[in-house]
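Enquirer: Hey, dropping final.pdb in here, PDB, C-alpha atoms, pLDDT in the B column:
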```
ATOM      1  CA  MET A   1     104.001 109.249 132.287  1.00 96.00           C
ATOM      2  CA  ARG A   2     104.322 106.831 129.377  1.00 98.00           C
ATOM      3  CA  CYS A   3     107.054 104.451 130.518  1.00 98.00           C
ATOM      4  CA  LEU A   4     108.889 101.923 128.368  1.00 98.00           C
ATOM      5  CA  ILE A   5     110.935  99.151 130.003  1.00 98.00           C
ATOM      6  CA  VAL A   6     113.443  97.290 127.830  1.00 98.00           C
ATOM      7  CA  PHE A   7     114.564  94.091 129.571  1.00 98.00           C
ATOM      8  CA  CYS A   8     117.459  91.892 128.495  1.00 98.00           C
ATOM      9  CA  HIS A   9     118.306  88.709 130.389  1.00 98.00           C
ATOM     10  CA  PRO A  10     118.199  85.084 129.186  1.00 97.00           C
ATOM     11  CA  SER A  11     116.842  83.633 132.449  1.00 96.00           C
ATOM     12  CA  GLU A  12     113.261  84.058 133.599  1.00 94.00           C
ATOM     13  CA  THR A  13     114.291  83.083 137.149  1.00 94.00           C
ATOM     14  CA  SER A  14     117.291  85.423 137.430  1.00 96.00           C
ATOM     15  CA  PHE A  15     117.783  88.351 139.766  1.00 97.00           C
ATOM     16  CA  GLY A  16     117.343  90.454 136.633  1.00 97.00           C
ATOM     17  CA  ALA A  17     113.816  89.040 136.312  1.00 98.00           C
ATOM     18  CA  ALA A  18     113.171  90.074 139.927  1.00 98.00           C
ATOM     19  CA  ILE A  19     114.344  93.586 139.043  1.00 98.00           C
ATOM     20  CA  LEU A  20     111.959  93.636 136.088  1.00 98.00           C
ATOM     21  CA  GLU A  21     109.009  92.608 138.265  1.00 98.00           C
ATOM     22  CA  THR A  22     109.927  95.214 140.879  1.00 98.00           C
ATOM     23  CA  ALA A  23     110.165  97.921 138.208  1.00 98.00           C
ATOM     24  CA  ARG A  24     106.913  96.889 136.559  1.00 98.00           C
ATOM     25  CA  THR A  25     105.030  96.935 139.866  1.00 98.00           C
ATOM     26  CA  ALA A  26     106.527 100.241 141.042  1.00 98.00           C
ATOM     27  CA  LEU A  27     105.679 102.064 137.822  1.00 98.00           C
ATOM     28  CA  SER A  28     102.188 100.572 137.530  1.00 97.00           C
ATOM     29  CA  ASP A  29     101.366 101.308 141.181  1.00 97.00           C
ATOM     30  CA  ALA A  30     102.508 104.913 140.654  1.00 96.00           C
ATOM     31  CA  GLY A  31      99.889 105.262 137.916  1.00 96.00           C
ATOM     32  CA  HIS A  32     102.191 105.343 134.890  1.00 97.00           C
ATOM     33  CA  GLU A  33     101.194 103.906 131.521  1.00 97.00           C
ATOM     34  CA  LEU A  34     103.578 101.014 130.908  1.00 98.00           C
ATOM     35  CA  ARG A  35     104.953  98.976 128.025  1.00 98.00           C
ATOM     36  CA  VAL A  36     107.583  96.230 128.365  1.00 98.00           C
ATOM     37  CA  ILE A  37     109.890  94.878 125.677  1.00 98.00           C
ATOM     38  CA  ASP A  38     111.481  91.594 126.775  1.00 98.00           C
ATOM     39  CA  LEU A  39     114.172  91.036 124.150  1.00 98.00           C
ATOM     40  CA  TYR A  40     114.933  87.374 124.908  1.00 98.00           C
ATOM     41  CA  ARG A  41     111.313  86.261 125.218  1.00 98.00           C
ATOM     42  CA  GLU A  42     110.470  88.144 122.032  1.00 97.00           C
ATOM     43  CA  GLY A  43     113.330  86.507 120.149  1.00 98.00           C
ATOM     44  CA  PHE A  44     114.588  89.857 118.882  1.00 98.00           C
ATOM     45  CA  ASP A  45     117.246  89.489 116.162  1.00 97.00           C
ATOM     46  CA  PRO A  46     120.184  91.729 117.157  1.00 97.00           C
ATOM     47  CA  VAL A  47     122.188  91.246 113.963  1.00 97.00           C
ATOM     48  CA  LEU A  48     122.491  94.230 111.631  1.00 95.00           C
ATOM     49  CA  SER A  49     122.394  92.421 108.289  1.00 95.00           C
ATOM     50  CA  PRO A  50     124.502  93.340 105.239  1.00 96.00           C
ATOM     51  CA  ASP A  51     121.328  94.623 103.539  1.00 95.00           C
ATOM     52  CA  GLU A  52     120.501  96.805 106.543  1.00 95.00           C
ATOM     53  CA  TRP A  53     124.025  98.184 106.548  1.00 95.00           C
ATOM     54  CA  GLU A  54     123.777  99.063 102.856  1.00 94.00           C
ATOM     55  CA  SER A  55     120.493 100.923 103.407  1.00 94.00           C
ATOM     56  CA  TYR A  56     121.473 102.407 106.808  1.00 94.00           C
ATOM     57  CA  LEU A  57     121.851 105.932 105.413  1.00 92.00           C
ATOM     58  CA  ALA A  58     120.651 105.534 101.827  1.00 90.00           C
ATOM     59  CA  ASP A  59     117.186 104.144 102.665  1.00 92.00           C
ATOM     60  CA  THR A  60     116.733 104.365 106.424  1.00 92.00           C
ATOM     61  CA  GLU A  61     112.961 103.994 106.135  1.00 94.00           C
ATOM     62  CA  ARG A  62     113.514 100.438 104.922  1.00 95.00           C
ATOM     63  CA  ASN A  63     115.400  99.607 108.128  1.00 96.00           C
ATOM     64  CA  ILE A  64     112.799 101.350 110.270  1.00 97.00           C
ATOM     65  CA  ALA A  65     110.089  99.198 108.677  1.00 96.00           C
ATOM     66  CA  GLY A  66     111.842  96.043 109.915  1.00 95.00           C
ATOM     67  CA  VAL A  67     111.652  97.128 113.570  1.00 97.00           C
ATOM     68  CA  ARG A  68     108.650  99.448 113.405  1.00 97.00           C
ATOM     69  CA  ASP A  69     106.997  98.222 116.635  1.00 97.00           C
ATOM     70  CA  HIS A  70     110.171  98.989 118.584  1.00 98.00           C
ATOM     71  CA  VAL A  71     110.606 102.370 116.912  1.00 98.00           C
ATOM     72  CA  GLN A  72     107.013 103.301 117.716  1.00 98.00           C
ATOM     73  CA  ALA A  73     107.502 102.243 121.344  1.00 98.00           C
ATOM     74  CA  MET A  74     110.562 104.502 121.601  1.00 97.00           C
ATOM     75  CA  GLN A  75     108.676 107.412 120.064  1.00 98.00           C
ATOM     76  CA  TRP A  76     105.713 106.805 122.379  1.00 98.00           C
ATOM     77  CA  ALA A  77     107.737 106.802 125.608  1.00 98.00           C
ATOM     78  CA  GLU A  78     108.323 109.735 127.933  1.00 98.00           C
ATOM     79  CA  ALA A  79     110.452 107.618 130.271  1.00 98.00           C
ATOM     80  CA  LEU A  80     112.829 104.826 129.259  1.00 98.00           C
ATOM     81  CA  VAL A  81     114.078 102.164 131.692  1.00 98.00           C
ATOM     82  CA  LEU A  82     116.769  99.689 130.628  1.00 98.00           C
ATOM     83  CA  ILE A  83     117.253  96.571 132.783  1.00 98.00           C
ATOM     84  CA  PHE A  84     120.155  94.233 131.996  1.00 98.00           C
ATOM     85  CA  PRO A  85     123.287  92.572 133.425  1.00 98.00           C
ATOM     86  CA  THR A  86     126.649  94.139 132.631  1.00 97.00           C
ATOM     87  CA  TRP A  87     128.784  91.533 130.866  1.00 96.00           C
ATOM     88  CA  MET A  88     132.381  92.103 129.699  1.00 94.00           C
ATOM     89  CA  PHE A  89     132.046  95.760 130.808  1.00 95.00           C
ATOM     90  CA  GLY A  90     129.037  96.425 128.569  1.00 95.00           C
ATOM     91  CA  PRO A  91     125.438  95.485 127.853  1.00 97.00           C
ATOM     92  CA  PRO A  92     124.625  91.984 126.574  1.00 98.00           C
ATOM     93  CA  ALA A  93     125.110  91.552 122.824  1.00 97.00           C
ATOM     94  CA  LEU A  94     121.343  91.291 122.369  1.00 98.00           C
ATOM     95  CA  LEU A  95     120.761  94.718 123.908  1.00 98.00           C
ATOM     96  CA  LYS A  96     123.655  96.263 121.988  1.00 97.00           C
ATOM     97  CA  GLY A  97     122.178  94.829 118.788  1.00 98.00           C
ATOM     98  CA  TRP A  98     118.784  96.282 119.706  1.00 98.00           C
ATOM     99  CA  LEU A  99     120.383  99.707 120.064  1.00 97.00           C
ATOM    100  CA  GLU A 100     122.080  99.344 116.676  1.00 96.00           C
ATOM    101  CA  ARG A 101     118.960  98.188 114.845  1.00 97.00           C
ATOM    102  CA  VAL A 102     116.342 100.409 116.544  1.00 98.00           C
ATOM    103  CA  TRP A 103     118.142 103.662 117.405  1.00 97.00           C
ATOM    104  CA  LEU A 104     118.415 104.557 113.740  1.00 96.00           C
ATOM    105  CA  PRO A 105     119.096 107.814 111.894  1.00 95.00           C
ATOM    106  CA  GLY A 106     115.820 109.668 111.705  1.00 93.00           C
ATOM    107  CA  VAL A 107     114.605 107.849 114.821  1.00 96.00           C
ATOM    108  CA  ALA A 108     117.165 108.460 117.566  1.00 96.00           C
ATOM    109  CA  PHE A 109     119.411 111.012 115.886  1.00 94.00           C
ATOM    110  CA  GLU A 110     120.290 112.931 112.762  1.00 92.00           C
ATOM    111  CA  VAL A 111     123.661 112.294 111.146  1.00 88.00           C
ATOM    112  CA  PRO A 112     125.800 115.452 111.345  1.00 85.00           C
ATOM    113  CA  GLN A 113     126.182 117.510 108.188  1.00 83.00           C
ATOM    114  CA  GLY A 114     129.892 117.979 107.577  1.00 80.00           C
ATOM    115  CA  ARG A 115     133.011 116.920 109.450  1.00 83.00           C
ATOM    116  CA  HIS A 116     132.554 119.265 112.389  1.00 80.00           C
ATOM    117  CA  GLY A 117     128.816 118.836 112.890  1.00 80.00           C
ATOM    118  CA  ARG A 118     127.283 117.342 116.011  1.00 84.00           C
ATOM    119  CA  VAL A 119     124.685 114.631 116.348  1.00 85.00           C
ATOM    120  CA  VAL A 120     121.193 116.033 116.832  1.00 89.00           C
ATOM    121  CA  GLY A 121     118.928 113.925 119.043  1.00 94.00           C
ATOM    122  CA  ARG A 122     115.476 112.938 117.815  1.00 95.00           C
ATOM    123  CA  LEU A 123     114.098 111.226 120.945  1.00 97.00           C
ATOM    124  CA  ARG A 124     113.179 114.492 122.622  1.00 97.00           C
ATOM    125  CA  ASN A 125     109.992 112.881 123.885  1.00 98.00           C
ATOM    126  CA  ILE A 126     112.117 111.004 126.462  1.00 98.00           C
ATOM    127  CA  ARG A 127     112.520 113.138 129.593  1.00 98.00           C
ATOM    128  CA  ARG A 128     113.517 110.428 132.083  1.00 98.00           C
ATOM    129  CA  PHE A 129     116.155 107.773 131.444  1.00 98.00           C
ATOM    130  CA  THR A 130     116.941 105.123 134.050  1.00 98.00           C
ATOM    131  CA  THR A 131     119.379 102.240 133.752  1.00 98.00           C
ATOM    132  CA  VAL A 132     119.275  99.327 136.209  1.00 98.00           C
ATOM    133  CA  THR A 133     122.121  96.839 135.940  1.00 98.00           C
ATOM    134  CA  THR A 134     124.185  94.309 137.847  1.00 98.00           C
ATOM    135  CA  SER A 135     127.855  93.465 137.451  1.00 96.00           C
ATOM    136  CA  GLY A 136     130.363  90.982 138.769  1.00 93.00           C
ATOM    137  CA  SER A 137     133.007  93.694 139.117  1.00 93.00           C
ATOM    138  CA  PRO A 138     133.398  95.827 142.249  1.00 90.00           C
ATOM    139  CA  TRP A 139     132.703  99.552 141.880  1.00 90.00           C
ATOM    140  CA  TRP A 140     136.352 100.544 142.326  1.00 91.00           C
ATOM    141  CA  TRP A 141     137.495  98.406 139.372  1.00 92.00           C
ATOM    142  CA  LEU A 142     134.891  99.885 137.056  1.00 91.00           C
ATOM    143  CA  ARG A 143     135.899 103.365 138.200  1.00 91.00           C
ATOM    144  CA  LEU A 144     139.568 102.525 137.520  1.00 89.00           C
ATOM    145  CA  ILE A 145     138.874 101.486 133.902  1.00 92.00           C
ATOM    146  CA  GLY A 146     136.531 104.391 133.174  1.00 91.00           C
ATOM    147  CA  ASP A 147     133.173 102.657 133.765  1.00 95.00           C
ATOM    148  CA  PRO A 148     132.640 101.998 130.015  1.00 94.00           C
ATOM    149  CA  CYS A 149     129.005 100.836 130.132  1.00 96.00           C
ATOM    150  CA  ARG A 150     127.874 103.777 132.244  1.00 95.00           C
ATOM    151  CA  SER A 151     129.853 106.194 130.116  1.00 95.00           C
ATOM    152  CA  MET A 152     128.333 104.850 126.890  1.00 95.00           C
ATOM    153  CA  LEU A 153     124.736 105.097 128.079  1.00 95.00           C
ATOM    154  CA  MET A 154     124.794 108.113 130.380  1.00 95.00           C
ATOM    155  CA  ARG A 155     127.139 110.286 128.301  1.00 93.00           C
ATOM    156  CA  GLY A 156     127.288 108.938 124.784  1.00 92.00           C
ATOM    157  CA  PHE A 157     123.573 108.229 124.300  1.00 93.00           C
ATOM    158  CA  ARG A 158     122.228 110.918 126.636  1.00 91.00           C
ATOM    159  CA  VAL A 159     122.419 113.447 123.780  1.00 92.00           C
ATOM    160  CA  VAL A 160     119.589 111.805 121.824  1.00 96.00           C
ATOM    161  CA  PHE A 161     116.996 112.565 124.523  1.00 97.00           C
ATOM    162  CA  HIS A 162     115.274 115.780 125.582  1.00 97.00           C
ATOM    163  CA  PRO A 163     117.836 118.468 126.536  1.00 95.00           C
ATOM    164  CA  ARG A 164     116.480 118.476 130.105  1.00 96.00           C
ATOM    165  CA  CYS A 165     116.213 114.705 130.386  1.00 97.00           C
ATOM    166  CA  ARG A 166     116.970 113.511 133.913  1.00 97.00           C
ATOM    167  CA  THR A 167     119.030 110.341 134.189  1.00 97.00           C
ATOM    168  CA  ARG A 168     119.522 107.727 136.919  1.00 97.00           C
ATOM    169  CA  TRP A 169     122.063 104.904 137.059  1.00 98.00           C
ATOM    170  CA  LEU A 170     121.332 102.066 139.504  1.00 98.00           C
ATOM    171  CA  GLN A 171     123.924  99.304 139.722  1.00 98.00           C
ATOM    172  CA  LEU A 172     124.473  96.354 142.031  1.00 97.00           C
ATOM    173  CA  HIS A 173     128.208  95.580 142.010  1.00 97.00           C
ATOM    174  CA  ARG A 174     130.067  92.295 142.715  1.00 96.00           C
ATOM    175  CA  MET A 175     126.835  90.448 141.977  1.00 94.00           C
ATOM    176  CA  ASN A 176     128.419  86.994 142.360  1.00 92.00           C
ATOM    177  CA  HIS A 177     129.149  87.664 146.042  1.00 95.00           C
ATOM    178  CA  THR A 178     126.107  89.600 147.227  1.00 96.00           C
ATOM    179  CA  THR A 179     124.009  88.407 150.141  1.00 96.00           C
ATOM    180  CA  HIS A 180     120.249  87.932 150.111  1.00 96.00           C
ATOM    181  CA  ASN A 181     119.867  91.080 152.204  1.00 97.00           C
ATOM    182  CA  GLU A 182     121.993  93.113 149.790  1.00 97.00           C
ATOM    183  CA  ARG A 183     119.903  91.953 146.854  1.00 97.00           C
ATOM    184  CA  GLN A 184     116.678  92.775 148.671  1.00 98.00           C
ATOM    185  CA  ALA A 185     118.022  96.219 149.562  1.00 98.00           C
ATOM    186  CA  PHE A 186     118.829  96.845 145.909  1.00 98.00           C
ATOM    187  CA  LEU A 187     115.320  95.821 144.846  1.00 98.00           C
ATOM    188  CA  GLU A 188     113.932  98.262 147.394  1.00 98.00           C
ATOM    189  CA  ARG A 189     116.169 100.988 145.983  1.00 98.00           C
ATOM    190  CA  VAL A 190     114.853 100.250 142.491  1.00 98.00           C
ATOM    191  CA  ARG A 191     111.269 100.316 143.760  1.00 98.00           C
ATOM    192  CA  THR A 192     111.773 103.622 145.578  1.00 97.00           C
ATOM    193  CA  GLU A 193     113.520 105.320 142.663  1.00 97.00           C
ATOM    194  CA  LEU A 194     110.930 104.278 140.084  1.00 97.00           C
ATOM    195  CA  ALA A 195     107.964 104.982 142.372  1.00 96.00           C
ATOM    196  CA  ALA A 196     109.232 108.569 142.602  1.00 95.00           C
ATOM    197  CA  LEU A 197     109.509 109.001 138.817  1.00 93.00           C
ATOM    198  CA  ARG A 198     107.808 112.211 137.707  1.00 90.00           C
TER     199      ARG A 198
END
```
Just dump the structure as structure tokens.
Expert:
Amino acid sequence: MRCLIVFCHPSETSFGAAILETARTALSDAGHELRVIDLYREGFDPVLSPDEWESYLADTERNIAGVRDHVQAMQWAEALVLIFPTWMFGPPALLKGWLERVWLPGVAFEVPQGRHGRVVGRLRNIRRFTTVTTSGSPWWWLRLIGDPCRSMLMRGFRVVFHPRCRTRWLQLHRMNHTTHNERQAFLERVRTELAALR
């Protein structure tokens, strides 16, 4: 499969970086064609500018041109893997900005026609969607508050992919208090899950 990893973490020596390396190796060893977007190392600008907002619907092609490499990577992929830490119950601002600037009308979705219309997904090429994240919160707290990050990605954005897209959510909770063995076990889980991607 054509697999796109989007990685978002400021530290190159973080546990997130270890997850990225595990994912990269697992997918490559399984014979998949792989591309990696490392948002921090690339210096991606997450800010939707006033000009981009003005042309968001009126001249979407202009906005697409500003992030064309990222748009083309999304349209190329059959599998998408997001790797990031959960901060303040959501993705880092840089990743959220990437979603806002790259998942544009005409790229990720079509704007509904009329008040009662539904969003129509445009990324039907993506048949596998995996999110790998860490969080400081325990699982029970996230469940209590509705697990906002998981809900946004697995429910809210799921509609833009292929109707039969299979999704996986891998999360290491209470990251600040995990042991070495727990972290290694999570890396093995990531490796196993991605090695089995079909």
Enquirer: With only C-alpha atoms as the atoms that count, which of A:Gly90, A:Gly136, A:Pro10, A:Gly31 lies nearest to Leu194 of chain A?
Expert: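 With only C-alpha atoms as the atom set, the closest residue is A:Gly31.
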Enquirer: Spell out the residues picked by the PyMOL selection byres ((chain A and resi 64) around 9) here, as a PyMOL selection string.
Expert: chain A and resi 60-63+65-68+71+101-102+104+106-107
Enquirer: Which of these residues is nearest to Val132 of chain A, using all atoms listed in the file: A:Gln113, A:Gln75, A:Ser28, A:Thr22?
Expert: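 Under the stated criterion, the closest residue is A:Thr22.
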Enquirer: Could you list the residues chosen by the PyMOL selection byres ((chain A and resi 129) around 9) in this structure as a list in words?
Expert: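 So the PyMOL selection byres ((chain A and resi 129) around 9), applied here, picks out Glu78, Ala79, Leu80, Val81, Leu82, Ile126, Arg127, Arg128, Thr130, Thr131, Met154, Arg158, Phe161, Cys165, Arg166, Thr167, Arg168 and Trp169 of chain A.
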Enquirer: Write the selection just made, keeping C-alpha atoms, as a PDB file, keeping the file's coordinate frame?
Expert:
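That gives us selection-v2.pdb:
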```pdb
ATOM      1  CA  GLU A  78     108.323 109.735 127.933  1.00 98.00           C
ATOM      2  CA  ALA A  79     110.452 107.618 130.271  1.00 98.00           C
ATOM      3  CA  LEU A  80     112.829 104.826 129.259  1.00 98.00           C
ATOM      4  CA  VAL A  81     114.078 102.164 131.692  1.00 98.00           C
ATOM      5  CA  LEU A  82     116.769  99.689 130.628  1.00 98.00           C
ATOM      6  CA  ILE A 126     112.117 111.004 126.462  1.00 98.00           C
ATOM      7  CA  ARG A 127     112.520 113.138 129.593  1.00 98.00           C
ATOM      8  CA  ARG A 128     113.517 110.428 132.083  1.00 98.00           C
ATOM      9  CA  THR A 130     116.941 105.123 134.050  1.00 98.00           C
ATOM     10  CA  THR A 131     119.379 102.240 133.752  1.00 98.00           C
ATOM     11  CA  MET A 154     124.794 108.113 130.380  1.00 95.00           C
ATOM     12  CA  ARG A 158     122.228 110.918 126.636  1.00 91.00           C
ATOM     13  CA  PHE A 161     116.996 112.565 124.523  1.00 97.00           C
ATOM     14  CA  CYS A 165     116.213 114.705 130.386  1.00 97.00           C
ATOM     15  CA  ARG A 166     116.970 113.511 133.913  1.00 97.00           C
ATOM     16  CA  THR A 167     119.030 110.341 134.189  1.00 97.00           C
ATOM     17  CA  ARG A 168     119.522 107.727 136.919  1.00 97.00           C
ATOM     18  CA  TRP A 169     122.063 104.904 137.059  1.00 98.00           C
TER      19      TRP A 169
END
```
Enquirer: Between A:Val190, A:Glu54, A:Phe89, A:Arg164, which residue has the minimum interatomic distance to Ser151 of chain A, considering all atoms listed in the file?
Expert: A:Phe89
Enquirer: Choose the residue, out of A:Val119, A:Val160, A:Leu94, A:Val111, that has the smallest atom-to-atom separation from Glu42 of chain A; count all atoms listed in the file.
Expert: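 The shortest atom-to-atom distance to Glu42 of chain A comes from A:Leu94.
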Enquirer: Would you compute, for all listed atoms of segment 140-158 of chain A, the axis-aligned bounding box grown by 8 Å on each side, and then report its centre and edge lengths in Å rounded to one decimal, as JSON?
Expert:
```
{"center_x": 130.9, "center_y": 104.7, "center_z": 133.3, "size_x": 33.3, "size_y": 28.5, "size_z": 34.0}
```
Enquirer: I'd like the contact shell of Arg24 of chain A - 12 Å cut-off, only C-alpha atoms, skipping same-chain residues fewer than 3 positions apart - returned as a PyMOL selection string.
Expert: chain A and resi 3-7+17-21+27-37+81-83+187+190-191+194-195
Enquirer: Distance atom CA of Thr179 of chain A-atom CA of Ser14 of chain A, one decimal place?
Expert: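 Atom CA of Thr179 of chain A sits 14.7 Å away from atom CA of Ser14 of chain A.
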Enquirer: Rounded to one decimal in Å, what is the spacing between atom CA of Gly121 of chain A and atom CA of Gly156 of chain A?
Expert: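 Computing the Euclidean distance for atom CA of Gly121 of chain A and atom CA of Gly156 of chain A yields 11.3 Å.
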Enquirer: Check the smallest atom-to-atom distance from each of A:Trp140, A:Trp76, A:Phe44, A:Trp103 to Arg2 of chain A using only C-alpha atoms, then report the winner.
Expert: A:Trp76
Enquirer: Kindly give the distance, in Å, that separates atom CA of Trp141 of chain A and atom CA of Ala23 of chain A, rounded to a single decimal.
Expert: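 That distance, rounded to one decimal, is 27.4 Å.
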Enquirer: Write out as a PDB file with C-alpha atoms, keeping the file's coordinate frame each polymer residue whose atoms come within 12 Å of His177 of chain A, counting all atoms listed in the file; drop sequence neighbours fewer than 6 positions from it.
Expert:
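The result, stored in around-v7.pdb:
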```pdb
ATOM      1  CA  THR A 134     124.185  94.309 137.847  1.00 98.00           C
ATOM      2  CA  SER A 135     127.855  93.465 137.451  1.00 96.00           C
ATOM      3  CA  GLY A 136     130.363  90.982 138.769  1.00 93.00           C
ATOM      4  CA  SER A 137     133.007  93.694 139.117  1.00 93.00           C
ATOM      5  CA  PRO A 138     133.398  95.827 142.249  1.00 90.00           C
ATOM      6  CA  ARG A 183     119.903  91.953 146.854  1.00 97.00           C
TER       7      ARG A 183
END
```
Enquirer: For a quick check of understanding, using all atoms listed in the file, which of A:Asp147, A:Asp38, A:Asp69, A:Asp51 has the smallest distance to Glu12 of chain A?
Expert: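 Of A:Asp147, A:Asp38, A:Asp69, A:Asp51, the one nearest Glu12 of chain A, counting all atoms listed in the file, is A:Asp38.
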